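Heads up: the structure comes next, in structure tokens.
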Amino acid sequence: MKYQPETGWLSGVRRVASPHCNERPPGAAVDLLVIHCISLPPGQYGGSYIDDLFLGQLDPAAHPYFAEIAGMRVSAHLLIDRDGRITQYVPLDRRAWHAGQSDFGGRCNCNDFSIGIELEGLDTDNYTDAQYRALADVSAEILAAFPQITRETITGHSDIAPGRKLDPGPGFDWPRYLRELDSRRTGP
């Protein structure tokens, strides 16, 4: 996989363009990477429901939970499914709608300056080996393309929206992820 700065897309990953994005504010530097988790319906994996949500096409009659979220206009830049397959929904240079009301380092509206990666899972789940490998691979590519993101500015949704969000949760092994990321980085 390789970041294509002229388009904002990664090569070699599945691409599903979400309409739920917009331009970043003028002068906004991308310097934050946010790790999330999602499963639809909660606790169930596979299928097209995450795509449907990020495309604004989730059928509220398909599951009782969907009636609560069907009208939401949300997206993430990337999703990593349980098998480690990466799907990109929003070009990395554009603003995906993943963080909601959020704050990092005293700055609000984290969507303005972040890239959001969803892991297919629950905040109480463990994640798969394939997900850690794919997350480390794509994170290394993102850090190379956006050098203002550092190891210190990689965070969880729970850290930018405390009390509101729990993901990626206690099942996410931060030391393992950071070790795998460090093993892939070639620069500072």
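Chain lettering (A, B, ...) mirrors the order of the structure tokens, residue numbering begins at 1 for each chain separately, and ligand numbering begins at 1 in order of display.
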Could you write out, as a ChimeraX atom specification, all the residues of segment 10-177 of chain A that DSSP marks as alpha helix (DSSP H)? /A:49-55,66-69,129-145,157-160,174-177
Report as a tab-separated table: every residue of segment 75-148 of chain A with an atom at most 8 Å from segment 38-60 of chain A, its closest pair of atoms, and their distance in Å to one decimal, counting only C-alpha atoms, with rows sorted by chain and ascending residue number.
```
residue	atom	partner	partner_atom	distance
A:Ser75	CA	A:Phe54	CA	4.8
A:Ala76	CA	A:Phe54	CA	7.6
A:Asp81	CA	A:Gly46	CA	7.7
A:Arg82	CA	A:Tyr45	CA	7.6
A:Tyr89	CA	A:Phe54	CA	7.6
A:Glu118	CA	A:Ile38	CA	6.3
A:Leu119	CA	A:Ile38	CA	6.3
A:Glu120	CA	A:Ile38	CA	5.1
A:Gly121	CA	A:Ser39	CA	5.4
A:Leu122	CA	A:Ile38	CA	6.2
```
Write the residues of the preceding selection, restricted to N, CA, C and O atoms, as a PDB file, in the first residue's frame.
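Below is the file that was written, again_4.pdb:
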```
ATOM      1  N   SER A  75     -18.467   8.889   9.181  1.00  0.00           N
ATOM      2  CA  SER A  75     -17.520   8.168   8.332  1.00  0.00           C
ATOM      3  C   SER A  75     -16.210   8.060   9.098  1.00  0.00           C
ATOM      4  O   SER A  75     -16.050   8.646  10.161  1.00  0.00           O
ATOM      5  N   ALA A  76     -15.315   7.321   8.545  1.00  0.00           N
ATOM      6  CA  ALA A  76     -13.935   7.273   9.014  1.00  0.00           C
ATOM      7  C   ALA A  76     -13.077   7.240   7.764  1.00  0.00           C
ATOM      8  O   ALA A  76     -13.572   6.945   6.663  1.00  0.00           O
ATOM      9  N   ASP A  81     -11.065  -4.694   8.933  1.00  0.00           N
ATOM     10  CA  ASP A  81     -11.981  -5.750   9.382  1.00  0.00           C
ATOM     11  C   ASP A  81     -11.232  -6.832  10.141  1.00  0.00           C
ATOM     12  O   ASP A  81     -10.006  -6.772  10.305  1.00  0.00           O
ATOM     13  N   ARG A  82     -11.953  -7.825  10.630  1.00  0.00           N
ATOM     14  CA  ARG A  82     -11.365  -8.865  11.475  1.00  0.00           C
ATOM     15  C   ARG A  82     -10.287  -9.673  10.746  1.00  0.00           C
ATOM     16  O   ARG A  82      -9.386 -10.223  11.378  1.00  0.00           O
ATOM     17  N   TYR A  89     -12.601   4.989   3.077  1.00  0.00           N
ATOM     18  CA  TYR A  89     -13.860   5.667   2.780  1.00  0.00           C
ATOM     19  C   TYR A  89     -13.676   7.133   2.407  1.00  0.00           C
ATOM     20  O   TYR A  89     -14.494   7.689   1.690  1.00  0.00           O
ATOM     21  N   GLU A 118     -11.040   2.934  12.005  1.00  0.00           N
ATOM     22  CA  GLU A 118     -11.948   2.047  12.728  1.00  0.00           C
ATOM     23  C   GLU A 118     -11.420   0.617  12.649  1.00  0.00           C
ATOM     24  O   GLU A 118     -11.018   0.160  11.567  1.00  0.00           O
ATOM     25  N   LEU A 119     -11.447  -0.065  13.780  1.00  0.00           N
ATOM     26  CA  LEU A 119     -11.179  -1.503  13.817  1.00  0.00           C
ATOM     27  C   LEU A 119     -12.523  -2.191  13.996  1.00  0.00           C
ATOM     28  O   LEU A 119     -13.317  -1.775  14.844  1.00  0.00           O
ATOM     29  N   GLU A 120     -12.785  -3.234  13.212  1.00  0.00           N
ATOM     30  CA  GLU A 120     -14.027  -3.957  13.403  1.00  0.00           C
ATOM     31  C   GLU A 120     -13.927  -4.702  14.729  1.00  0.00           C
ATOM     32  O   GLU A 120     -13.079  -5.571  14.905  1.00  0.00           O
ATOM     33  N   GLY A 121     -14.769  -4.313  15.671  1.00  0.00           N
ATOM     34  CA  GLY A 121     -14.732  -4.924  16.986  1.00  0.00           C
ATOM     35  C   GLY A 121     -15.588  -4.152  17.967  1.00  0.00           C
ATOM     36  O   GLY A 121     -16.204  -3.148  17.613  1.00  0.00           O
ATOM     37  N   LEU A 122     -15.598  -4.634  19.179  1.00  0.00           N
ATOM     38  CA  LEU A 122     -16.267  -3.973  20.300  1.00  0.00           C
ATOM     39  C   LEU A 122     -15.209  -3.475  21.268  1.00  0.00           C
ATOM     40  O   LEU A 122     -14.126  -4.068  21.366  1.00  0.00           O
TER      41      LEU A 122
END
```
Got a sec: who's within 9 Å of Cys110 of chain A, counting only C-alpha atoms, leaving out chain neighbours fewer than 5 positions off, as a PDB file with N, CA, C and O atoms, in the first residue's frame?
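Written out: around-v3.pdb:
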```pdb
ATOM      1  N   LEU A  32      -2.861  14.207  14.056  1.00  0.00           N
ATOM      2  CA  LEU A  32      -3.446  13.306  15.043  1.00  0.00           C
ATOM      3  C   LEU A  32      -3.998  12.079  14.331  1.00  0.00           C
ATOM      4  O   LEU A  32      -4.620  12.196  13.276  1.00  0.00           O
ATOM      5  N   VAL A  34      -6.457   8.809  15.213  1.00  0.00           N
ATOM      6  CA  VAL A  34      -7.419   8.348  16.210  1.00  0.00           C
ATOM      7  C   VAL A  34      -7.848   6.921  15.875  1.00  0.00           C
ATOM      8  O   VAL A  34      -8.300   6.655  14.761  1.00  0.00           O
ATOM      9  N   HIS A  98     -15.591  11.339  12.073  1.00  0.00           N
ATOM     10  CA  HIS A  98     -15.403  10.185  12.956  1.00  0.00           C
ATOM     11  C   HIS A  98     -15.324  10.533  14.434  1.00  0.00           C
ATOM     12  O   HIS A  98     -15.633   9.708  15.274  1.00  0.00           O
ATOM     13  N   ALA A  99     -14.899  11.716  14.792  1.00  0.00           N
ATOM     14  CA  ALA A  99     -14.588  12.020  16.184  1.00  0.00           C
ATOM     15  C   ALA A  99     -15.754  12.628  16.956  1.00  0.00           C
ATOM     16  O   ALA A  99     -15.823  12.487  18.169  1.00  0.00           O
ATOM     17  N   GLY A 100     -16.643  13.319  16.276  1.00  0.00           N
ATOM     18  CA  GLY A 100     -17.724  13.998  16.978  1.00  0.00           C
ATOM     19  C   GLY A 100     -17.182  15.069  17.898  1.00  0.00           C
ATOM     20  O   GLY A 100     -16.095  15.608  17.671  1.00  0.00           O
ATOM     21  N   GLN A 101     -17.922  15.385  18.958  1.00  0.00           N
ATOM     22  CA  GLN A 101     -17.468  16.364  19.937  1.00  0.00           C
ATOM     23  C   GLN A 101     -16.202  15.812  20.584  1.00  0.00           C
ATOM     24  O   GLN A 101     -16.220  14.733  21.183  1.00  0.00           O
ATOM     25  N   SER A 102     -15.105  16.540  20.429  1.00  0.00           N
ATOM     26  CA  SER A 102     -13.810  15.985  20.823  1.00  0.00           C
ATOM     27  C   SER A 102     -12.814  17.095  21.134  1.00  0.00           C
ATOM     28  O   SER A 102     -12.989  18.239  20.720  1.00  0.00           O
ATOM     29  N   ASP A 103     -11.750  16.695  21.848  1.00  0.00           N
ATOM     30  CA  ASP A 103     -10.705  17.630  22.246  1.00  0.00           C
ATOM     31  C   ASP A 103      -9.397  16.857  22.379  1.00  0.00           C
ATOM     32  O   ASP A 103      -9.369  15.778  22.964  1.00  0.00           O
ATOM     33  N   PHE A 104      -8.318  17.423  21.842  1.00  0.00           N
ATOM     34  CA  PHE A 104      -6.989  16.833  22.023  1.00  0.00           C
ATOM     35  C   PHE A 104      -6.000  17.972  22.222  1.00  0.00           C
ATOM     36  O   PHE A 104      -5.898  18.871  21.380  1.00  0.00           O
ATOM     37  N   ILE A 115      -6.814  11.877  11.377  1.00  0.00           N
ATOM     38  CA  ILE A 115      -7.195  10.748  10.532  1.00  0.00           C
ATOM     39  C   ILE A 115      -7.791   9.711  11.467  1.00  0.00           C
ATOM     40  O   ILE A 115      -7.226   9.427  12.529  1.00  0.00           O
ATOM     41  N   ILE A 160     -10.065  11.313  23.300  1.00  0.00           N
ATOM     42  CA  ILE A 160     -10.460  12.628  22.775  1.00  0.00           C
ATOM     43  C   ILE A 160     -11.930  12.940  23.076  1.00  0.00           C
ATOM     44  O   ILE A 160     -12.369  14.066  22.866  1.00  0.00           O
TER      45      ILE A 160
END
```
Looking only at the backbone, which of the residues in chain A does DSSP tag as strand (DSSP E or B), as number ranges by chain? A: 2-4, 9-11, 14-15, 21-22, 32-38, 78-80, 86-88, 95-96, 103-104, 107-108, 114-120, 154-156
Separation of atom CA of Arg185 of chain A from atom CA of Ala140 of chain A, in Å and rounded to one decimal: 5.8 Å
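The shell of residues at most 10 Å from Cys37 of chain A, with only C-alpha atoms counted and near chain neighbours (fewer than 3 positions) removed, consists of Leu79, Ile80, Asp81, Ile117, Glu118, Leu119, Glu120, Gly121, Leu122, Asp123, Thr124, Asp125, Tyr127, Gly156, His157, Leu166, Asp167, Pro168, Gly169 and Phe172 of chain A.
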Do you have the atom CA of Val74 of chain A-atom CA of Glu180 of chain A distance handy? 28.8 Å
Point out the residue among A:Glu6, A:Glu141, A:Asp112, A:Asp83 with the least atom-to-atom distance to Glu23 of chain A, counting only C-alpha atoms.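 Of all the options, A:Asp112 lies closest to Glu23 of chain A.
For the choices A:Asp31, A:Tyr132, A:Tyr177, A:Arg14, the atom-to-atom distance to Gly116 of chain A is smallest for A:Asp31 when using only C-alpha atoms.
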So which one's closest to Ser114 of chain A, A:Val16, A:Ala161, A:Leu78, A:Val30? Using only C-alpha atoms, please.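 Result for the nearest residue to Ser114 of chain A: A:Val30.
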Residue nearest Tyr3 of chain A - candidates A:Gly163, A:Pro147, A:Gly71, A:Pro91, atoms counted: only C-alpha atoms: A:Pro91
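Atom pair atom CA of Asn109 of chain A / atom CA of Val13 of chain A: separated by 27.5 Å.
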